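Taking it in order: structure first as structure tokens, then the write-up.
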Amino acid sequence: MSERPAKILAVASGGGHWVQLQRLRQAFVGHQVTFVTVGPCDTSVVAPAPVKLISDANARTPFQMMGLLLHMAWIVLRVRPDVVITTGAAPGYWAIRFGRWCGAKTVFIDSIANAGQLSLSGRLAVGRADVTLTQWPDLARDSGPCFWGSVV
Amino acid sequence: MIFVAVGTQLPFDRLVRSIDEWAASTPGRDVFAQIANGAYTPQHIEWARNILPTEFQARLEGCHLLVAHAGIGSILSALELGKPVIVLPRQALLGEHRNDHQLATAKRFGERGMVHVAQDETDLCRLLDQFETPVSEMKISSEASPELIRNLRQFISQATCNKRGA
């Protein structure tokens with residue numbers, strides 16, 4: 001198995017998404033990680049890894065969504081990641097789409113907040129990310145999402 | 001200090017008003033509330049609309065109890081510091097969120113004994129009264145489950161391997 005460090009793009013919206021992404025840091029050890037999240041954010045918590053700040057958007061803010069989409073395309077083209085890992089929501093979805101077009105392997109981890117059903121971005125990620133994960137075993141399906149464990 | 005947090009995105013007047021009224025009826029309480037863009041402004045407790053992430057962390061470290069909406073960021077941040085948490089889930093029916101995922105979050109974390117769930121405002125006051133004296137609570141690690149970390153490491157390693165082979 002190759003020991004070459006992977007270039008990882010780790011993406012999350014703010015608040016709970018960002019807290020959950022930080023809990024995955026052990027999985028990134030030995031690799032070259034670029035974080036992407038929504039400001040304001042205490043970037044020192046992931047130092048010395050670089051953090052790129054973006055503006056969030058959702059289904060009800062189409063103009064911001066367009067800006068986010070372009071910004072994320074730019075980030076993916078600049079970073080050229082081997083792997084994209086996201087804990088959602090909209091920024092992670094676009095990182096997955098652009099990442100895959102650029103040949104990256106992609107994982108979308110739906111928030112642990114979605115205990116009853118997958119989020120909108122999670123549902124959209126199924127079949128578009130290489131792997132879409134739920135953090136609740138009873139939400140896993142053969143056709144996706146899968147359950148690989150949780151952030152807690 | 002009791003730290004109250006409603007998250008940055010949406011107001012949560014029902015929570016803020018309940019705490020404010022509880023504080024008024026039991027003077028001497030040291031309470032700080034982050035209320036976002038709520039219409040209700042507290043009269044009996046210290047408050048701010050939004051605080052920076054560094055101040056949030058400092059407030060959390062200094063508190064003996066977090067009272068919050070059932071947001072994952074608030075819950076996990078408090079548990080990582082071993083702080084007890086009371087949550088009042090936002091309800092879509094009351095216009096407090098787009099859907100009822102916070103009810104599901106509260107239920108699941110409550111079942112695991114990780115948070116105390118207030119069913120309504122009365123229940124919240126009852127729980128607050130129980131926390132007169134600081135108690136030690138569950139503390140979680142700052143890492144995801146070993147299973148998830150292992151699976152992701154394997155995924156990353158395979159991705160790099162395949163790319164090299166291609």
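Please note that chains go A, B, ... in the order of the structure tokens, that every chain numbers its residues from 1, and that ligands are numbered from 1 in the order shown.
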
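Residue-level contact on chain B: within 7 Å of chain A, counting only C-alpha atoms, the set is Pro53, Thr54, Gly71, Ile72, Gly73, His101, Ala104, Thr105, Ser142, Glu143, Ala144, Ser145, Glu147, Leu148, Ile149, Asn151, Leu152, Arg153, Ile156, Ala159, Thr160 and Cys161 of chain B.
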
* For stretch 55-63 of chain A, work out the shell of residues within 7 Å, counting only C-alpha atoms and skipping chain neighbours fewer than 4 positions away, then give it as a ChimeraX atom specification. => /A:13,38,67-68,90-91

Those residues you just picked out, can you put them in a file as an mmCIF file, in the first residue's frame with C-alpha atoms?
data_model
loop_
_atom_site.group_PDB
_atom_site.id
_atom_site.type_symbol
_atom_site.label_atom_id
_atom_site.label_comp_id
_atom_site.auth_asym_id
_atom_site.auth_seq_id
_atom_site.Cartn_x
_atom_site.Cartn_y
_atom_site.Cartn_z
ATOM 1 C CA SER A 13 -20.209 24.640 7.007
ATOM 2 C CA VAL A 38 -17.488 29.323 6.946
ATOM 3 C CA GLY A 67 -21.202 32.414 -5.441
ATOM 4 C CA LEU A 68 -20.448 29.449 -3.230
ATOM 5 C CA ALA A 90 -24.080 22.823 0.850
ATOM 6 C CA PRO A 91 -20.338 23.710 0.622
#

* **Contact residues around B:Leu103 with only C-alpha atoms at 8 Å, ignoring same-chain residues under 6 positions, as a PyMOL selection string** => chain B and resi 70+89-91

For the residues selected in the previous step, produce a file with C-alpha atoms as a PDB file, in the first residue's frame.
ATOM      1  CA  ALA B  70     -30.365  20.979  20.430  1.00  0.00           C
ATOM      2  CA  PRO B  89     -35.131  21.350  21.076  1.00  0.00           C
ATOM      3  CA  ARG B  90     -36.380  23.849  18.508  1.00  0.00           C
ATOM      4  CA  GLN B  91     -39.789  23.007  17.053  1.00  0.00           C
TER       5      GLN B  91
END

* Write out as a count of residues only all residues of chain A that DSSP puts in strand (DSSP E or B) for this structure's backbone. => 31

* Using only C-alpha atoms, pick whichever of B:Gln43, B:His64, B:Gln154, B:Asp30 has the shortest atom-to-atom distance to B:Ser18. =>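 Smallest distance to B:Ser18 is found for B:Gln43.
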
* DSSP says alpha helix (DSSP H) for which residues of chain A? Put them as a PyMOL selection string? -> chain A and resi 16-22+62-79+90-101+120-125

Residues as selected, C-alpha atoms, written as an mmCIF file, in the first residue's frame, can you do that?
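For reference, selection-v5.cif as written:
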data_model
loop_
_atom_site.group_PDB
_atom_site.id
_atom_site.type_symbol
_atom_site.label_atom_id
_atom_site.label_comp_id
_atom_site.auth_asym_id
_atom_site.auth_seq_id
_atom_site.Cartn_x
_atom_site.Cartn_y
_atom_site.Cartn_z
ATOM 1 C CA GLY A 16 -21.982 21.731 14.260
ATOM 2 C CA HIS A 17 -20.655 20.748 10.824
ATOM 3 C CA TRP A 18 -17.260 22.266 11.665
ATOM 4 C CA VAL A 19 -17.189 20.715 15.146
ATOM 5 C CA GLN A 20 -17.848 17.306 13.606
ATOM 6 C CA LEU A 21 -15.120 17.758 10.967
ATOM 7 C CA GLN A 22 -12.563 18.537 13.661
ATOM 8 C CA PRO A 62 -29.865 31.000 -4.777
ATOM 9 C CA PHE A 63 -27.537 33.962 -5.408
ATOM 10 C CA GLN A 64 -25.252 33.080 -2.518
ATOM 11 C CA MET A 65 -25.402 29.478 -3.736
ATOM 12 C CA MET A 66 -24.054 30.544 -7.117
ATOM 13 C CA GLY A 67 -21.202 32.414 -5.441
ATOM 14 C CA LEU A 68 -20.448 29.449 -3.230
ATOM 15 C CA LEU A 69 -20.436 27.107 -6.221
ATOM 16 C CA LEU A 70 -17.896 29.237 -8.104
ATOM 17 C CA HIS A 71 -15.722 29.745 -5.034
ATOM 18 C CA MET A 72 -15.686 26.014 -4.326
ATOM 19 C CA ALA A 73 -14.829 25.190 -7.958
ATOM 20 C CA TRP A 74 -11.885 27.588 -7.690
ATOM 21 C CA ILE A 75 -10.688 26.032 -4.409
ATOM 22 C CA VAL A 76 -10.900 22.488 -5.797
ATOM 23 C CA LEU A 77 -8.984 23.491 -8.954
ATOM 24 C CA ARG A 78 -6.264 25.161 -6.867
ATOM 25 C CA VAL A 79 -5.881 22.380 -4.275
ATOM 26 C CA ALA A 90 -24.080 22.823 0.850
ATOM 27 C CA PRO A 91 -20.338 23.710 0.622
ATOM 28 C CA GLY A 92 -19.494 20.048 1.138
ATOM 29 C CA TYR A 93 -21.922 18.970 -1.538
ATOM 30 C CA TRP A 94 -20.261 21.230 -4.138
ATOM 31 C CA ALA A 95 -16.791 20.175 -3.002
ATOM 32 C CA ILE A 96 -17.872 16.578 -3.655
ATOM 33 C CA ARG A 97 -19.205 17.367 -7.135
ATOM 34 C CA PHE A 98 -16.151 19.346 -8.270
ATOM 35 C CA GLY A 99 -13.770 17.020 -6.459
ATOM 36 C CA ARG A 100 -15.090 14.017 -8.295
ATOM 37 C CA TRP A 101 -14.864 15.742 -11.666
ATOM 38 C CA LEU A 120 -31.190 17.470 1.761
ATOM 39 C CA SER A 121 -27.492 17.724 0.873
ATOM 40 C CA GLY A 122 -26.989 14.167 2.137
ATOM 41 C CA ARG A 123 -29.787 12.858 -0.079
ATOM 42 C CA LEU A 124 -28.274 14.706 -3.048
ATOM 43 C CA ALA A 125 -24.841 13.269 -2.252
#

* **One-decimal distance in Å that lies between atom CA of B:Gly7 and atom CA of B:Asn37** => 10.1 Å

* Residue among A:Gly88, A:Pro137, A:Pro81, A:Gly144 lying closest to A:Ile109, counting only C-alpha atoms ->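 Selected residue with least distance to A:Ile109: A:Gly88.
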
* Give me, please, the distance in Å between atom CA of B:Met114 and atom CA of B:Leu10, quoted to one decimal. =>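 Taking atom CA of B:Met114 as the start and atom CA of B:Leu10 as the end point, the length is 23.8 Å.
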
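Near B:Trp22, within 9 Å and counting only C-alpha atoms, sit Arg17, Ser18, Thr26, Pro27, Cys125 and Leu128 of chain B, not including residues fewer than 4 positions from it in the same chain.
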
Now that the selection is made, can you save its residues with N, CA and C atoms as a PDB file, in the first residue's frame?
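This went into again_9.pdb:
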ATOM      1  N   ARG B  17     -36.383  33.614  26.922  1.00  0.00           N
ATOM      2  CA  ARG B  17     -37.380  34.153  27.852  1.00  0.00           C
ATOM      3  C   ARG B  17     -37.508  33.250  29.083  1.00  0.00           C
ATOM      4  N   SER B  18     -37.532  31.943  28.863  1.00  0.00           N
ATOM      5  CA  SER B  18     -37.672  31.000  29.984  1.00  0.00           C
ATOM      6  C   SER B  18     -36.535  31.163  30.981  1.00  0.00           C
ATOM      7  N   THR B  26     -35.226  33.406  40.747  1.00  0.00           N
ATOM      8  CA  THR B  26     -34.194  32.882  41.638  1.00  0.00           C
ATOM      9  C   THR B  26     -32.967  33.798  41.556  1.00  0.00           C
ATOM     10  N   PRO B  27     -33.020  34.934  42.256  1.00  0.00           N
ATOM     11  CA  PRO B  27     -31.953  35.939  42.135  1.00  0.00           C
ATOM     12  C   PRO B  27     -30.599  35.383  42.573  1.00  0.00           C
ATOM     13  N   CYS B 125     -37.331  24.708  33.560  1.00  0.00           N
ATOM     14  CA  CYS B 125     -37.159  25.309  34.892  1.00  0.00           C
ATOM     15  C   CYS B 125     -36.922  24.229  35.944  1.00  0.00           C
ATOM     16  N   LEU B 128     -33.383  23.169  35.570  1.00  0.00           N
ATOM     17  CA  LEU B 128     -32.471  24.220  36.044  1.00  0.00           C
ATOM     18  C   LEU B 128     -32.383  24.193  37.568  1.00  0.00           C
TER      19      LEU B 128
END

* Give me, please, the distance in Å between atom CA of B:Leu127 and atom CA of B:Arg98, quoted to one decimal. =>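 Between atom CA of B:Leu127 and atom CA of B:Arg98 the gap is 26.5 Å.
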
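Restricting the calculation to only C-alpha atoms, the smallest distance between B:Lys83 and any of B:Arg29, B:Arg108, B:Arg14, B:Arg59 is found for B:Arg59.
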
* **Within 10 Å of B:Phe3 using only C-alpha atoms, minus same-chain residues under 2 positions, as a VMD selection string** => chain B and resid 1 5 30 to 34 46 to 47 56 59 to 68 85

Just write the chosen residues, N, CA and C atoms, as a CSV table (one decimal), in the first residue's frame.
chain,number,residue,atom,x,y,z
B,1,MET,N,-21.2,29.7,36.6
B,1,MET,CA,-21.9,30.4,35.5
B,1,MET,C,-22.7,29.5,34.7
B,5,ALA,N,-26.8,29.2,25.0
B,5,ALA,CA,-26.4,29.4,23.6
B,5,ALA,C,-27.5,28.9,22.7
B,30,ASP,N,-25.8,33.6,38.2
B,30,ASP,CA,-24.8,34.1,37.2
B,30,ASP,C,-25.1,33.4,35.9
B,31,VAL,N,-25.8,34.2,35.0
B,31,VAL,CA,-26.2,33.6,33.7
B,31,VAL,C,-25.7,34.5,32.6
B,32,PHE,N,-25.2,33.9,31.5
B,32,PHE,CA,-24.8,34.7,30.3
B,32,PHE,C,-25.5,34.0,29.1
B,33,ALA,N,-26.2,34.8,28.3
B,33,ALA,CA,-27.0,34.2,27.2
B,33,ALA,C,-26.5,34.8,25.9
B,34,GLN,N,-26.3,33.9,24.9
B,34,GLN,CA,-26.0,34.3,23.5
B,34,GLN,C,-27.4,34.1,22.8
B,46,GLU,N,-27.1,38.6,31.9
B,46,GLU,CA,-26.2,39.2,30.9
B,46,GLU,C,-26.4,38.6,29.6
B,47,TRP,N,-26.3,39.3,28.5
B,47,TRP,CA,-26.5,38.7,27.2
B,47,TRP,C,-25.7,39.4,26.1
B,56,PHE,N,-16.8,32.0,22.7
B,56,PHE,CA,-17.7,30.9,23.0
B,56,PHE,C,-17.0,29.8,23.7
B,59,ARG,N,-16.3,31.0,27.3
B,59,ARG,CA,-17.5,30.9,28.1
B,59,ARG,C,-17.8,29.5,28.5
B,60,LEU,N,-17.6,28.6,27.6
B,60,LEU,CA,-17.9,27.2,27.8
B,60,LEU,C,-17.0,26.6,28.9
B,61,GLU,N,-15.7,26.9,28.8
B,61,GLU,CA,-14.8,26.4,29.7
B,61,GLU,C,-15.1,27.0,31.1
B,62,GLY,N,-15.6,28.2,31.2
B,62,GLY,CA,-15.9,28.8,32.5
B,62,GLY,C,-17.2,28.5,33.1
B,63,CYS,N,-18.1,27.8,32.4
B,63,CYS,CA,-19.5,27.6,32.9
B,63,CYS,C,-19.5,26.3,33.6
B,64,HIS,N,-20.6,26.1,34.5
B,64,HIS,CA,-20.8,24.8,35.1
B,64,HIS,C,-22.0,24.1,34.5
B,65,LEU,N,-22.7,24.8,33.5
B,65,LEU,CA,-23.8,24.2,32.9
B,65,LEU,C,-24.1,24.9,31.6
B,66,LEU,N,-24.3,24.1,30.5
B,66,LEU,CA,-24.7,24.7,29.2
B,66,LEU,C,-26.2,24.5,29.0
B,67,VAL,N,-26.9,25.5,28.7
B,67,VAL,CA,-28.3,25.4,28.3
B,67,VAL,C,-28.4,25.9,26.9
B,68,ALA,N,-28.9,25.0,26.0
B,68,ALA,CA,-28.8,25.3,24.6
B,68,ALA,C,-29.9,24.8,23.8
B,85,VAL,N,-25.1,19.4,30.0
B,85,VAL,CA,-25.9,20.1,29.0
B,85,VAL,C,-27.4,19.9,29.2

Which polymer residues have any atom within 10 Å of an atom of B:Pro84, counting only C-alpha atoms, with same-chain residues fewer than 2 positions away left out, as a PDB file with N, CA and C atoms, in the first residue's frame?
ATOM      1  N   CYS B  63     -18.107  27.829  32.353  1.00  0.00           N
ATOM      2  CA  CYS B  63     -19.455  27.578  32.876  1.00  0.00           C
ATOM      3  C   CYS B  63     -19.527  26.262  33.642  1.00  0.00           C
ATOM      4  N   HIS B  64     -20.576  26.112  34.459  1.00  0.00           N
ATOM      5  CA  HIS B  64     -20.787  24.801  35.095  1.00  0.00           C
ATOM      6  C   HIS B  64     -21.974  24.079  34.460  1.00  0.00           C
ATOM      7  N   LEU B  65     -22.650  24.780  33.547  1.00  0.00           N
ATOM      8  CA  LEU B  65     -23.805  24.178  32.883  1.00  0.00           C
ATOM      9  C   LEU B  65     -24.059  24.908  31.569  1.00  0.00           C
ATOM     10  N   LEU B  66     -24.280  24.139  30.489  1.00  0.00           N
ATOM     11  CA  LEU B  66     -24.690  24.745  29.225  1.00  0.00           C
ATOM     12  C   LEU B  66     -26.172  24.485  29.023  1.00  0.00           C
ATOM     13  N   VAL B  67     -26.903  25.546  28.720  1.00  0.00           N
ATOM     14  CA  VAL B  67     -28.315  25.398  28.348  1.00  0.00           C
ATOM     15  C   VAL B  67     -28.412  25.869  26.899  1.00  0.00           C
ATOM     16  N   ILE B  75     -23.711  21.035  21.648  1.00  0.00           N
ATOM     17  CA  ILE B  75     -23.714  19.800  22.450  1.00  0.00           C
ATOM     18  C   ILE B  75     -22.322  19.179  22.490  1.00  0.00           C
ATOM     19  N   ALA B  78     -19.596  21.196  24.405  1.00  0.00           N
ATOM     20  CA  ALA B  78     -19.742  21.113  25.865  1.00  0.00           C
ATOM     21  C   ALA B  78     -19.307  19.749  26.385  1.00  0.00           C
ATOM     22  N   LEU B  79     -19.692  18.694  25.679  1.00  0.00           N
ATOM     23  CA  LEU B  79     -19.355  17.342  26.133  1.00  0.00           C
ATOM     24  C   LEU B  79     -17.848  17.095  26.091  1.00  0.00           C
ATOM     25  N   LEU B  81     -15.699  19.123  26.896  1.00  0.00           N
ATOM     26  CA  LEU B  81     -15.141  19.744  28.103  1.00  0.00           C
ATOM     27  C   LEU B  81     -15.729  19.124  29.370  1.00  0.00           C
ATOM     28  N   GLY B  82     -16.596  18.130  29.185  1.00  0.00           N
ATOM     29  CA  GLY B  82     -17.194  17.473  30.350  1.00  0.00           C
ATOM     30  C   GLY B  82     -18.239  18.330  31.053  1.00  0.00           C
ATOM     31  N   ILE B  86     -28.151  20.934  29.185  1.00  0.00           N
ATOM     32  CA  ILE B  86     -29.608  20.840  29.078  1.00  0.00           C
ATOM     33  C   ILE B  86     -29.974  21.384  27.705  1.00  0.00           C
ATOM     34  N   MET B 114     -26.370  11.562  27.347  1.00  0.00           N
ATOM     35  CA  MET B 114     -25.352  12.580  27.092  1.00  0.00           C
ATOM     36  C   MET B 114     -25.864  13.983  27.363  1.00  0.00           C
ATOM     37  N   VAL B 115     -27.166  14.181  27.208  1.00  0.00           N
ATOM     38  CA  VAL B 115     -27.751  15.494  27.505  1.00  0.00           C
ATOM     39  C   VAL B 115     -29.041  15.309  28.304  1.00  0.00           C
ATOM     40  N   HIS B 116     -29.441  16.377  28.993  1.00  0.00           N
ATOM     41  CA  HIS B 116     -30.743  16.399  29.653  1.00  0.00           C
ATOM     42  C   HIS B 116     -31.701  17.131  28.725  1.00  0.00           C
ATOM     43  N   PHE B 131     -30.011  21.756  38.936  1.00  0.00           N
ATOM     44  CA  PHE B 131     -28.588  22.025  38.733  1.00  0.00           C
ATOM     45  C   PHE B 131     -28.079  23.152  39.631  1.00  0.00           C
ATOM     46  N   PRO B 134     -23.203  22.340  41.155  1.00  0.00           N
ATOM     47  CA  PRO B 134     -22.501  21.772  40.001  1.00  0.00           C
ATOM     48  C   PRO B 134     -22.342  20.257  40.140  1.00  0.00           C
ATOM     49  N   VAL B 135     -22.551  19.565  39.052  1.00  0.00           N
ATOM     50  CA  VAL B 135     -22.384  18.109  39.067  1.00  0.00           C
ATOM     51  C   VAL B 135     -21.363  17.727  37.999  1.00  0.00           C
ATOM     52  N   SER B 136     -20.692  16.627  38.220  1.00  0.00           N
ATOM     53  CA  SER B 136     -19.776  16.154  37.174  1.00  0.00           C
ATOM     54  C   SER B 136     -20.576  15.281  36.223  1.00  0.00           C
ATOM     55  N   GLU B 137     -20.245  15.390  34.961  1.00  0.00           N
ATOM     56  CA  GLU B 137     -21.045  14.710  33.950  1.00  0.00           C
ATOM     57  C   GLU B 137     -20.162  13.922  33.010  1.00  0.00           C
ATOM     58  N   MET B 138     -20.810  13.356  32.021  1.00  0.00           N
ATOM     59  CA  MET B 138     -20.081  12.615  31.004  1.00  0.00           C
ATOM     60  C   MET B 138     -19.099  13.526  30.259  1.00  0.00           C
ATOM     61  N   LYS B 139     -17.898  13.027  30.036  1.00  0.00           N
ATOM     62  CA  LYS B 139     -16.954  13.759  29.195  1.00  0.00           C
ATOM     63  C   LYS B 139     -16.615  12.860  28.016  1.00  0.00           C
TER      64      LYS B 139
END
